[in-house]
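Presented below is the structure to which this report refers.
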Amino acid sequence: MSILIKGGRILDPSQQLDRVMDLLLVDGKVSQIEESIDTDADRVVDACGMYVMPGLIDMHVHLREPGFEHKETIRTGGMAAARGGFTTICPMPNTKPATDNPERVSFVVQKAAEEAPVHVLPVGAVTLGQQGEELTDIAGMAAAGAIAISEDGKSVMNAALYREAMKRAAEKDVLVMAHCEDKNLVGRGALNAGKIAEENGVEGISNAVEDVITARDILLAKETGARLHLCHCSTKDSARMVKEAKEEGLTVTGEVCPHHFALTEEDIVPGDTNFKMNPPLRRQEDRQALKEGLRDGIFDVIATDHAPHHVDEKKKPMAEAPFGIVGSETAVALTITCLVEEGYLTPYQMAEKMSTNPARILKLDRGSLKVGKAADITLIDPEAEYVIDASLFASKGKNTPFHGRKVKGKVRMTIVDGTIVYEEK
């Protein structure tokens with residue numbers, strides 16, 4: 001099978017490329033990249049006016065299987081990722097049972113190979129059952145296919161235990177992905193601490209809930225030499241601490257989610273639990289720090305924290321409804337609308353944050369359009385304007401605060417190993 005992509009704007013930071021070129025894919029690999037390619041191909045794609053990027057990589061999703069298939073499955077989550085332009089995704093371990101041993105890692109790997117249209121690289125839990133009491137077999141999970149470890153959904157509150165986990169991860173060069181939340185500070189918090197939480201009749205979540213654990217985890221990474229990736233950063237002090245860690249030469253990276261750079265607590269519709277996520281939507285000064293942090297290279301990655309829930313669960317009162325929103329199918333448009341169009345990121349930097357940098361951090365041989373590399377490609381029309389319609393999502397989850405929002409930038413095609421897995425009609 002050969003695909004010739006004609007006249008697209010090639011955005012490939014791995015080669016410092018940002019120019020209009022042709023791209024030929026043959027038998028699942030990048031075969032040729034030239035100013036003009038004239039050859040017979042099985043499929044010719046007119047990419048004039050489009051961004052042609054290495055396949056997007058989402059370091060942070062929730063696929064819910066096993067245990068919560070009513071929310072999402074590996075198949076439907078994979079379809080949502082493909083529709084959103086992602087060719088590789090990393091599902092978190094907070095399933096039921098948790099992905100906390102080599103056998104459960106193998107289950108996700110095998111199920112994904114059979115049913116998902118994209119690459120699925122599972123993240124293993126730090127502790128058994130994510131109970132924070134006994135460490136998992138980190139080396140065994142890595143051997144079974146776990147790309148990283150994380151206790152996502154919570155923090156390991158026992159600092160001594162977490163330090164030991166980081167030591168073992170460092171020995172095996174396994175990435176540690178941290179959800180920074182002090183459970184003793186968060187209490188029953190549902191929204192950002194302040195007047196918006198009060199108006200919604202719920203307890204607040206202060207910035208310190210995140211910042212205290214961010215500081216702790218950076219210090220533990222410094223002591224152990226672990227590679228630390230901070231998930232869904234949401235505060236201005238997280239930005240400051242990541243900047244300082246990088247300046248000190250620590251192997252610390254951070255991600256920002258589209259909802260945190262697109263919204264603030266002021267956007268919350270009273271009683272609408274689609275605006276309830278963890279970390280919560282913060283103040284304008286926090287959002288500004290995140291946008292500037294992405295612009296300045298403090299934050300390395302844009303990840304979705306795709307968190308589907310059943311509609312009945314989100315119908316509960318604000319204090320009781322689960323945290324989380326879906327993000328796979330809106331991330332590209334929100335990045336273009338809120339960052340590229342506003343001048344915070346160039347299209348080239350967008351490719352860095354959504355493909356090249358995630359590949360580097362995960363140590364994947366992807367995120368590149370170099371000849372010989374796997375043909376994972378995302379084609380994006382940056383000028384396409386449309387209104388987000390949650391009813392059209394491939395995900396089982398429709399829980400998004402962006403339904404009805406006008407945005408710019410649409411994924412036109414997603415190619416995985418040379419096969420078109422999504423094409424916008």
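Convention: chains lettered A, B, ... in structure tokens order; per-chain residue numbering from 1; ligands numbered from 1 as shown.
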- Message: Applying 9 Å and only C-alpha atoms, which residues near stretch 135-147 of chain A remain after dropping the ones on its own chain fewer than 3 positions away? List them as a PyMOL selection string.
- Response: chain A and resi 90+100-106+109+121-129+132+161-162+164-165+168-169+172+174-175+362-363
Take the selection from the previous step and output its residues with N, CA and C atoms, as a short mmCIF file (atom, residue, chain, number, x, y, z; two decimals), in the first residue's frame.
```cif
data_model
loop_
_atom_site.label_atom_id
_atom_site.label_comp_id
_atom_site.auth_asym_id
_atom_site.auth_seq_id
_atom_site.Cartn_x
_atom_site.Cartn_y
_atom_site.Cartn_z
N CYS A 90 -1.67 6.75 25.68
CA CYS A 90 -1.18 6.08 26.89
C CYS A 90 -2.29 6.05 27.95
N ASP A 100 -2.01 -3.18 37.44
CA ASP A 100 -0.98 -3.14 38.49
C ASP A 100 -0.06 -4.37 38.49
N ASN A 101 -0.10 -5.18 37.42
CA ASN A 101 0.82 -6.31 37.32
C ASN A 101 1.06 -6.63 35.85
N PRO A 102 2.09 -7.42 35.55
CA PRO A 102 2.40 -7.70 34.14
C PRO A 102 1.25 -8.32 33.35
N GLU A 103 0.45 -9.16 34.00
CA GLU A 103 -0.65 -9.81 33.31
C GLU A 103 -1.69 -8.80 32.86
N ARG A 104 -1.99 -7.82 33.68
CA ARG A 104 -2.99 -6.82 33.31
C ARG A 104 -2.45 -5.85 32.27
N VAL A 105 -1.16 -5.58 32.33
CA VAL A 105 -0.54 -4.80 31.26
C VAL A 105 -0.67 -5.55 29.94
N SER A 106 -0.39 -6.84 29.98
CA SER A 106 -0.48 -7.67 28.77
C SER A 106 -1.91 -7.71 28.23
N VAL A 109 -2.43 -4.51 26.28
CA VAL A 109 -1.64 -4.56 25.05
C VAL A 109 -2.32 -5.46 24.02
N LEU A 121 -0.27 2.27 24.51
CA LEU A 121 0.87 1.96 25.37
C LEU A 121 0.44 2.17 26.82
N PRO A 122 0.10 1.09 27.53
CA PRO A 122 -0.46 1.26 28.87
C PRO A 122 0.54 1.77 29.89
N VAL A 123 -0.01 2.47 30.88
CA VAL A 123 0.75 2.95 32.03
C VAL A 123 0.41 2.07 33.22
N GLY A 124 1.42 1.56 33.90
CA GLY A 124 1.19 0.69 35.05
C GLY A 124 1.07 1.47 36.35
N ALA A 125 0.38 0.89 37.31
CA ALA A 125 0.19 1.54 38.61
C ALA A 125 1.49 1.51 39.42
N VAL A 126 1.61 2.44 40.36
CA VAL A 126 2.77 2.48 41.25
C VAL A 126 2.59 1.50 42.40
N THR A 127 1.37 1.41 42.93
CA THR A 127 1.11 0.52 44.05
C THR A 127 0.00 -0.47 43.71
N LEU A 128 -0.01 -1.60 44.38
CA LEU A 128 -1.02 -2.63 44.14
C LEU A 128 -2.41 -2.10 44.42
N GLY A 129 -3.29 -2.23 43.43
CA GLY A 129 -4.65 -1.74 43.59
C GLY A 129 -4.75 -0.24 43.73
N GLY A 132 -1.76 2.55 47.64
CA GLY A 132 -0.71 3.32 48.30
C GLY A 132 0.02 2.60 49.40
N LEU A 161 7.53 5.50 50.47
CA LEU A 161 7.16 4.47 49.50
C LEU A 161 7.34 4.99 48.07
N TYR A 162 6.94 6.22 47.87
CA TYR A 162 7.05 6.81 46.53
C TYR A 162 8.51 7.00 46.14
N GLU A 164 10.94 5.09 47.05
CA GLU A 164 11.41 3.76 46.67
C GLU A 164 10.94 3.40 45.27
N ALA A 165 9.70 3.76 44.94
CA ALA A 165 9.19 3.52 43.59
C ALA A 165 10.03 4.27 42.57
N ARG A 168 13.37 2.51 42.00
CA ARG A 168 13.25 1.33 41.15
C ARG A 168 12.98 1.74 39.70
N ALA A 169 12.18 2.76 39.52
CA ALA A 169 11.90 3.24 38.17
C ALA A 169 13.18 3.77 37.53
N LYS A 172 15.48 1.08 36.17
CA LYS A 172 15.01 0.47 34.92
C LYS A 172 14.71 1.50 33.84
N VAL A 174 12.40 3.76 33.77
CA VAL A 174 10.95 3.83 33.55
C VAL A 174 10.46 5.22 33.95
N LEU A 175 9.71 5.84 33.07
CA LEU A 175 9.16 7.17 33.34
C LEU A 175 8.14 7.12 34.48
N LEU A 362 8.73 9.70 26.13
CA LEU A 362 8.39 8.29 26.26
C LEU A 362 9.44 7.36 25.65
N LYS A 363 10.46 7.96 25.00
CA LYS A 363 11.53 7.22 24.33
C LYS A 363 10.97 6.27 23.27
#
```
- Using DSSP on the backbone coordinates, identify all residues within stretch 299-421 of chain A classified as alpha helix (DSSP H); present the result as a PyMOL selection string. chain A and resi 311-314+331-335+347-351+357-362
Export N, CA and C atoms of the chosen residues as a PDB file, in the first residue's frame?
```pdb
ATOM      1  N   VAL A 311     -23.452   9.491  30.998  1.00  0.00           N
ATOM      2  CA  VAL A 311     -24.268  10.690  31.155  1.00  0.00           C
ATOM      3  C   VAL A 311     -24.991  10.717  32.497  1.00  0.00           C
ATOM      4  N   ASP A 312     -25.446   9.561  32.985  1.00  0.00           N
ATOM      5  CA  ASP A 312     -26.174   9.521  34.262  1.00  0.00           C
ATOM      6  C   ASP A 312     -25.277   9.913  35.429  1.00  0.00           C
ATOM      7  N   GLU A 313     -23.992   9.561  35.338  1.00  0.00           N
ATOM      8  CA  GLU A 313     -23.059   9.920  36.408  1.00  0.00           C
ATOM      9  C   GLU A 313     -22.852  11.428  36.464  1.00  0.00           C
ATOM     10  N   LYS A 314     -22.776  12.038  35.292  1.00  0.00           N
ATOM     11  CA  LYS A 314     -22.553  13.487  35.242  1.00  0.00           C
ATOM     12  C   LYS A 314     -23.826  14.280  35.558  1.00  0.00           C
ATOM     13  N   ALA A 331      -8.968  18.314  21.219  1.00  0.00           N
ATOM     14  CA  ALA A 331      -7.648  18.859  21.573  1.00  0.00           C
ATOM     15  C   ALA A 331      -7.019  19.664  20.442  1.00  0.00           C
ATOM     16  N   VAL A 332      -7.087  19.154  19.219  1.00  0.00           N
ATOM     17  CA  VAL A 332      -6.464  19.852  18.088  1.00  0.00           C
ATOM     18  C   VAL A 332      -7.114  21.208  17.867  1.00  0.00           C
ATOM     19  N   ALA A 333      -8.433  21.222  17.839  1.00  0.00           N
ATOM     20  CA  ALA A 333      -9.142  22.480  17.590  1.00  0.00           C
ATOM     21  C   ALA A 333      -8.896  23.493  18.698  1.00  0.00           C
ATOM     22  N   LEU A 334      -8.890  23.053  19.938  1.00  0.00           N
ATOM     23  CA  LEU A 334      -8.668  23.976  21.047  1.00  0.00           C
ATOM     24  C   LEU A 334      -7.236  24.503  21.044  1.00  0.00           C
ATOM     25  N   THR A 335      -6.281  23.668  20.653  1.00  0.00           N
ATOM     26  CA  THR A 335      -4.890  24.122  20.578  1.00  0.00           C
ATOM     27  C   THR A 335      -4.726  25.176  19.498  1.00  0.00           C
ATOM     28  N   PRO A 347       2.566  26.799  14.503  1.00  0.00           N
ATOM     29  CA  PRO A 347       2.203  25.434  14.127  1.00  0.00           C
ATOM     30  C   PRO A 347       3.347  24.438  14.370  1.00  0.00           C
ATOM     31  N   TYR A 348       4.568  24.881  14.145  1.00  0.00           N
ATOM     32  CA  TYR A 348       5.749  24.046  14.388  1.00  0.00           C
ATOM     33  C   TYR A 348       5.828  23.653  15.864  1.00  0.00           C
ATOM     34  N   GLN A 349       5.607  24.623  16.750  1.00  0.00           N
ATOM     35  CA  GLN A 349       5.627  24.331  18.191  1.00  0.00           C
ATOM     36  C   GLN A 349       4.471  23.427  18.595  1.00  0.00           C
ATOM     37  N   MET A 350       3.350  23.558  17.926  1.00  0.00           N
ATOM     38  CA  MET A 350       2.227  22.654  18.177  1.00  0.00           C
ATOM     39  C   MET A 350       2.639  21.214  17.895  1.00  0.00           C
ATOM     40  N   ALA A 351       3.352  20.999  16.786  1.00  0.00           N
ATOM     41  CA  ALA A 351       3.848  19.659  16.469  1.00  0.00           C
ATOM     42  C   ALA A 351       4.822  19.159  17.532  1.00  0.00           C
ATOM     43  N   ASN A 357       7.815  15.994  21.219  1.00  0.00           N
ATOM     44  CA  ASN A 357       8.188  15.957  22.638  1.00  0.00           C
ATOM     45  C   ASN A 357       7.625  14.739  23.366  1.00  0.00           C
ATOM     46  N   PRO A 358       6.346  14.396  23.181  1.00  0.00           N
ATOM     47  CA  PRO A 358       5.864  13.160  23.814  1.00  0.00           C
ATOM     48  C   PRO A 358       6.674  11.932  23.411  1.00  0.00           C
ATOM     49  N   ALA A 359       7.039  11.835  22.125  1.00  0.00           N
ATOM     50  CA  ALA A 359       7.849  10.699  21.671  1.00  0.00           C
ATOM     51  C   ALA A 359       9.205  10.687  22.374  1.00  0.00           C
ATOM     52  N   ARG A 360       9.796  11.866  22.513  1.00  0.00           N
ATOM     53  CA  ARG A 360      11.108  11.960  23.186  1.00  0.00           C
ATOM     54  C   ARG A 360      11.002  11.551  24.653  1.00  0.00           C
ATOM     55  N   ILE A 361       9.990  12.059  25.336  1.00  0.00           N
ATOM     56  CA  ILE A 361       9.842  11.772  26.763  1.00  0.00           C
ATOM     57  C   ILE A 361       9.552  10.291  27.001  1.00  0.00           C
ATOM     58  N   LEU A 362       8.734   9.702  26.135  1.00  0.00           N
ATOM     59  CA  LEU A 362       8.386   8.287  26.257  1.00  0.00           C
ATOM     60  C   LEU A 362       9.442   7.364  25.653  1.00  0.00           C
TER      61      LEU A 362
END
```
- With only C-alpha atoms as the basis for distance, which of A:Arg19, A:Lys236, A:His70, A:His229 is at the shortest distance from A:Gln284?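 Of A:Arg19, A:Lys236, A:His70, A:His229, the one nearest A:Gln284, counting only C-alpha atoms, is A:Lys236.
Look at stretch 193-201 of chain A: the protein and nucleic acid residues within 9 Å of it, using only C-alpha atoms and passing over chain neighbours fewer than 2 places away, are Gly189, Ala190, Leu191, Glu203, Gly204, Ile205, Ser206, Asn207, Glu265, Glu266, Ile268, Pro270, Gly271, Arg282, Met318 and Ala319 of chain A.
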For those residues, write all heavy atoms to a file as an mmCIF file, in the first residue's frame.
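And here's again.cif as it stands now:
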```cif
data_model
loop_
_atom_site.group_PDB
_atom_site.id
_atom_site.type_symbol
_atom_site.label_atom_id
_atom_site.label_comp_id
_atom_site.auth_asym_id
_atom_site.auth_seq_id
_atom_site.Cartn_x
_atom_site.Cartn_y
_atom_site.Cartn_z
ATOM 1 N N GLY A 189 -13.356 18.804 48.166
ATOM 2 C CA GLY A 189 -13.358 19.860 47.160
ATOM 3 C C GLY A 189 -13.854 19.389 45.802
ATOM 4 O O GLY A 189 -13.596 18.250 45.393
ATOM 5 N N ALA A 190 -14.559 20.278 45.110
ATOM 6 C CA ALA A 190 -15.118 19.938 43.797
ATOM 7 C C ALA A 190 -14.711 20.934 42.713
ATOM 8 O O ALA A 190 -14.529 20.550 41.560
ATOM 9 C CB ALA A 190 -16.642 19.871 43.881
ATOM 10 N N LEU A 191 -14.606 22.214 43.079
ATOM 11 C CA LEU A 191 -14.210 23.261 42.141
ATOM 12 C C LEU A 191 -13.081 24.072 42.748
ATOM 13 O O LEU A 191 -12.781 23.942 43.941
ATOM 14 C CB LEU A 191 -15.397 24.178 41.817
ATOM 15 C CG LEU A 191 -16.629 23.539 41.170
ATOM 16 C CD1 LEU A 191 -17.745 24.572 41.040
ATOM 17 C CD2 LEU A 191 -16.292 22.943 39.811
ATOM 18 N N GLU A 203 -17.310 22.619 48.292
ATOM 19 C CA GLU A 203 -16.012 22.952 48.872
ATOM 20 C C GLU A 203 -15.001 23.205 47.761
ATOM 21 O O GLU A 203 -15.130 22.706 46.643
ATOM 22 C CB GLU A 203 -15.535 21.818 49.773
ATOM 23 C CG GLU A 203 -16.402 21.635 51.013
ATOM 24 C CD GLU A 203 -15.891 20.529 51.923
ATOM 25 O OE1 GLU A 203 -14.692 20.183 51.826
ATOM 26 O OE2 GLU A 203 -16.691 20.013 52.717
ATOM 27 N N GLY A 204 -13.978 23.999 48.083
ATOM 28 C CA GLY A 204 -12.999 24.395 47.080
ATOM 29 C C GLY A 204 -11.709 23.581 47.119
ATOM 30 O O GLY A 204 -11.377 22.960 48.129
ATOM 31 N N ILE A 205 -11.019 23.588 45.988
ATOM 32 C CA ILE A 205 -9.705 22.943 45.864
ATOM 33 C C ILE A 205 -8.683 24.056 45.630
ATOM 34 O O ILE A 205 -8.672 24.695 44.581
ATOM 35 C CB ILE A 205 -9.680 21.962 44.671
ATOM 36 C CG1 ILE A 205 -10.747 20.877 44.847
ATOM 37 C CG2 ILE A 205 -8.294 21.331 44.529
ATOM 38 C CD1 ILE A 205 -10.907 19.974 43.629
ATOM 39 N N SER A 206 -7.832 24.293 46.608
ATOM 40 C CA SER A 206 -6.865 25.383 46.504
ATOM 41 C C SER A 206 -5.690 24.977 45.620
ATOM 42 O O SER A 206 -5.444 23.791 45.364
ATOM 43 C CB SER A 206 -6.348 25.768 47.892
ATOM 44 O OG SER A 206 -5.499 24.748 48.399
ATOM 45 N N ASN A 207 -4.935 25.964 45.166
ATOM 46 C CA ASN A 207 -3.722 25.688 44.385
ATOM 47 C C ASN A 207 -2.722 24.850 45.167
ATOM 48 O O ASN A 207 -1.995 24.035 44.587
ATOM 49 C CB ASN A 207 -3.061 26.999 43.958
ATOM 50 C CG ASN A 207 -3.774 27.681 42.804
ATOM 51 O OD1 ASN A 207 -4.977 27.498 42.606
ATOM 52 N ND2 ASN A 207 -3.037 28.477 42.048
ATOM 53 N N GLU A 265 -12.219 29.323 35.867
ATOM 54 C CA GLU A 265 -13.388 29.103 36.716
ATOM 55 C C GLU A 265 -14.526 30.055 36.374
ATOM 56 O O GLU A 265 -15.697 29.742 36.611
ATOM 57 C CB GLU A 265 -12.995 29.260 38.186
ATOM 58 C CG GLU A 265 -12.495 30.658 38.549
ATOM 59 C CD GLU A 265 -12.232 30.838 40.042
ATOM 60 O OE1 GLU A 265 -12.411 29.863 40.801
ATOM 61 O OE2 GLU A 265 -11.874 31.959 40.438
ATOM 62 N N GLU A 266 -14.215 31.193 35.781
ATOM 63 C CA GLU A 266 -15.246 32.154 35.417
ATOM 64 C C GLU A 266 -16.153 31.631 34.292
ATOM 65 O O GLU A 266 -17.262 32.130 34.094
ATOM 66 C CB GLU A 266 -14.604 33.481 34.973
ATOM 67 C CG GLU A 266 -13.775 34.168 36.037
ATOM 68 C CD GLU A 266 -14.615 34.714 37.191
ATOM 69 O OE1 GLU A 266 -15.830 34.932 36.984
ATOM 70 O OE2 GLU A 266 -14.050 34.905 38.288
ATOM 71 N N ILE A 268 -17.382 28.599 34.199
ATOM 72 C CA ILE A 268 -18.236 27.519 34.696
ATOM 73 C C ILE A 268 -19.705 27.939 34.687
ATOM 74 O O ILE A 268 -20.074 28.991 35.215
ATOM 75 C CB ILE A 268 -17.812 27.103 36.117
ATOM 76 C CG1 ILE A 268 -16.399 26.501 36.089
ATOM 77 C CG2 ILE A 268 -18.805 26.096 36.714
ATOM 78 C CD1 ILE A 268 -15.822 26.216 37.461
ATOM 79 N N PRO A 270 -23.151 27.467 36.227
ATOM 80 C CA PRO A 270 -23.607 26.949 37.522
ATOM 81 C C PRO A 270 -24.367 25.630 37.385
ATOM 82 O O PRO A 270 -25.283 25.507 36.567
ATOM 83 C CB PRO A 270 -24.514 28.058 38.044
ATOM 84 C CG PRO A 270 -23.974 29.303 37.410
ATOM 85 C CD PRO A 270 -23.524 28.880 36.042
ATOM 86 N N GLY A 271 -23.915 24.648 38.154
ATOM 87 C CA GLY A 271 -24.589 23.358 38.165
ATOM 88 C C GLY A 271 -24.205 22.416 37.044
ATOM 89 O O GLY A 271 -24.610 21.249 37.053
ATOM 90 N N ARG A 282 -8.911 26.825 36.947
ATOM 91 C CA ARG A 282 -8.327 27.787 37.886
ATOM 92 C C ARG A 282 -8.655 29.226 37.485
ATOM 93 O O ARG A 282 -9.506 29.485 36.638
ATOM 94 C CB ARG A 282 -6.806 27.580 37.904
ATOM 95 C CG ARG A 282 -6.357 26.185 38.304
ATOM 96 C CD ARG A 282 -6.610 25.880 39.760
ATOM 97 N NE ARG A 282 -5.942 24.635 40.172
ATOM 98 C CZ ARG A 282 -6.027 24.118 41.381
ATOM 99 N NH1 ARG A 282 -6.746 24.707 42.303
ATOM 100 N NH2 ARG A 282 -5.398 22.981 41.672
ATOM 101 N N MET A 318 -23.203 18.708 41.685
ATOM 102 C CA MET A 318 -21.796 19.062 41.517
ATOM 103 C C MET A 318 -20.897 18.377 42.551
ATOM 104 O O MET A 318 -19.805 17.913 42.219
ATOM 105 C CB MET A 318 -21.628 20.580 41.594
ATOM 106 C CG MET A 318 -20.239 21.073 41.242
ATOM 107 S SD MET A 318 -19.822 20.895 39.487
ATOM 108 C CE MET A 318 -20.724 22.285 38.771
ATOM 109 N N ALA A 319 -21.333 18.302 43.786
ATOM 110 C CA ALA A 319 -20.501 17.718 44.836
ATOM 111 C C ALA A 319 -20.312 16.219 44.660
ATOM 112 O O ALA A 319 -19.323 15.649 45.128
ATOM 113 C CB ALA A 319 -21.108 18.006 46.202
#
```
Could you list, as a CSV table (one decimal) with N, CA, C and O atoms, in the first residue's frame, every residue within 12 Å of A:Arg163, counting only C-alpha atoms and ignoring same-chain residues fewer than 5 positions away?
```csv
chain,number,residue,atom,x,y,z
A,126,VAL,N,1.6,2.4,40.4
A,126,VAL,CA,2.8,2.5,41.2
A,126,VAL,C,2.6,1.5,42.4
A,126,VAL,O,3.5,0.8,42.8
A,135,LEU,N,4.3,-1.6,46.7
A,135,LEU,CA,4.8,-1.3,45.3
A,135,LEU,C,4.5,-2.5,44.4
A,135,LEU,O,4.5,-3.7,44.7
A,156,VAL,N,0.5,9.0,45.5
A,156,VAL,CA,1.0,8.1,46.5
A,156,VAL,C,1.4,9.0,47.7
A,156,VAL,O,2.4,9.8,47.6
A,157,MET,N,0.6,9.0,48.8
A,157,MET,CA,0.8,10.0,49.9
A,157,MET,C,2.0,9.6,50.8
A,157,MET,O,2.6,10.4,51.4
A,158,ASN,N,2.4,8.3,50.8
A,158,ASN,CA,3.5,7.9,51.6
A,158,ASN,C,4.8,8.2,50.8
A,158,ASN,O,5.2,7.6,49.9
A,168,ARG,N,13.4,2.5,42.0
A,168,ARG,CA,13.2,1.3,41.1
A,168,ARG,C,13.0,1.7,39.7
A,168,ARG,O,13.5,1.1,38.8
A,169,ALA,N,12.2,2.8,39.5
A,169,ALA,CA,11.9,3.2,38.2
A,169,ALA,C,13.2,3.8,37.5
A,169,ALA,O,13.4,3.5,36.3
A,170,ALA,N,14.0,4.5,38.3
A,170,ALA,CA,15.2,5.1,37.8
A,170,ALA,C,16.2,3.9,37.4
A,170,ALA,O,16.9,4.0,36.3
A,176,VAL,N,8.2,8.1,35.4
A,176,VAL,CA,7.2,8.3,36.4
A,176,VAL,C,6.3,9.4,36.1
A,176,VAL,O,6.8,10.6,35.9
A,216,ARG,N,7.1,18.3,46.3
A,216,ARG,CA,7.6,17.0,46.9
A,216,ARG,C,8.2,16.1,45.8
A,216,ARG,O,9.3,15.5,45.9
A,217,ASP,N,7.4,15.9,44.7
A,217,ASP,CA,7.8,15.0,43.7
A,217,ASP,C,9.0,15.4,42.9
A,217,ASP,O,9.9,14.6,42.6
A,218,ILE,N,9.2,16.7,42.7
A,218,ILE,CA,10.4,17.2,42.1
A,218,ILE,C,11.6,17.0,43.0
A,218,ILE,O,12.7,16.5,42.5
A,219,LEU,N,11.4,17.2,44.3
A,219,LEU,CA,12.6,16.9,45.2
A,219,LEU,C,12.9,15.4,45.3
A,219,LEU,O,14.1,15.1,45.3
A,220,LEU,N,11.9,14.6,45.2
A,220,LEU,CA,12.2,13.1,45.2
A,220,LEU,C,12.8,12.7,43.9
A,220,LEU,O,13.7,11.8,43.9
A,221,ALA,N,12.4,13.3,42.8
A,221,ALA,CA,13.1,13.0,41.5
A,221,ALA,C,14.5,13.4,41.6
A,221,ALA,O,15.4,12.7,41.0
A,222,LYS,N,14.8,14.6,42.2
A,222,LYS,CA,16.2,15.1,42.3
A,222,LYS,C,17.0,14.1,43.1
A,222,LYS,O,18.1,13.8,42.7
A,223,GLU,N,16.4,13.6,44.2
A,223,GLU,CA,17.2,12.7,45.0
A,223,GLU,C,17.4,11.3,44.4
A,223,GLU,O,18.5,10.7,44.6
A,224,THR,N,16.4,10.8,43.7
A,224,THR,CA,16.5,9.4,43.1
A,224,THR,C,17.0,9.4,41.7
A,224,THR,O,17.4,8.3,41.2
A,225,GLY,N,17.0,10.5,41.0
A,225,GLY,CA,17.4,10.5,39.6
A,225,GLY,C,16.4,10.0,38.6
A,225,GLY,O,16.6,9.7,37.5
A,226,ALA,N,15.1,9.9,39.1
A,226,ALA,CA,14.0,9.4,38.3
A,226,ALA,C,13.7,10.4,37.2
A,226,ALA,O,13.8,11.6,37.4
A,228,LEU,N,10.8,12.3,35.7
A,228,LEU,CA,9.5,12.7,36.3
A,228,LEU,C,8.7,13.5,35.3
A,228,LEU,O,9.3,14.5,34.7
```
- Tell me which of A:Lys183, A:Arg227, A:His309, A:Lys408 sits closest to A:Lys71, counting only C-alpha atoms.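 Among A:Lys183, A:Arg227, A:His309, A:Lys408, it is A:His309 that comes nearest to A:Lys71.
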- Item | Length of the atom CA of A:Glu115 to atom CA of A:Ser391 vector [Å] |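 Interatomic distance here is 22.4 Å.
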- Atom pair atom CA of A:Gly249 / atom CA of A:Leu17: separation (Å):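 Here the two named atoms are 27.5 Å from each other.
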- Item | d(atom CA of A:Thr95, atom CA of A:Phe68) in Å |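 If I compute the distance from atom CA of A:Thr95 to atom CA of A:Phe68, I get 7.0 Å.
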- Query: Quick one: of A:Leu263, A:Ile388, A:Ile10, A:Ile302, who's nearest to A:Ser355, counting only C-alpha atoms?
  - Reply: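 The shortest atom-to-atom distance to A:Ser355 comes from A:Ile302.
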- Closest of A:Gln110, A:Thr400, A:Thr251, A:Ser36 to A:Gly8 - atom-to-atom distances counting only C-alpha atoms: A:Ser36
- Residue contacts of A:Glu34 (8 Å, only C-alpha atoms) excluding same-chain residues fewer than 4 positions away, as a ChimeraX atom specification: /A:21-23
Could those selected residues go to a file with N, CA, C and O atoms, as a short mmCIF file (atom, residue, chain, number, x, y, z; two decimals), in the first residue's frame?
```
data_model
loop_
_atom_site.label_atom_id
_atom_site.label_comp_id
_atom_site.auth_asym_id
_atom_site.auth_seq_id
_atom_site.Cartn_x
_atom_site.Cartn_y
_atom_site.Cartn_z
N MET A 21 5.85 20.48 1.14
CA MET A 21 6.55 19.38 0.48
C MET A 21 5.56 18.24 0.19
O MET A 21 4.42 18.27 0.65
N ASP A 22 6.04 17.25 -0.54
CA ASP A 22 5.29 16.02 -0.76
C ASP A 22 5.87 14.92 0.13
O ASP A 22 7.06 14.93 0.47
N LEU A 23 5.01 13.97 0.48
CA LEU A 23 5.40 12.88 1.37
C LEU A 23 4.87 11.57 0.81
O LEU A 23 3.67 11.45 0.55
#
```
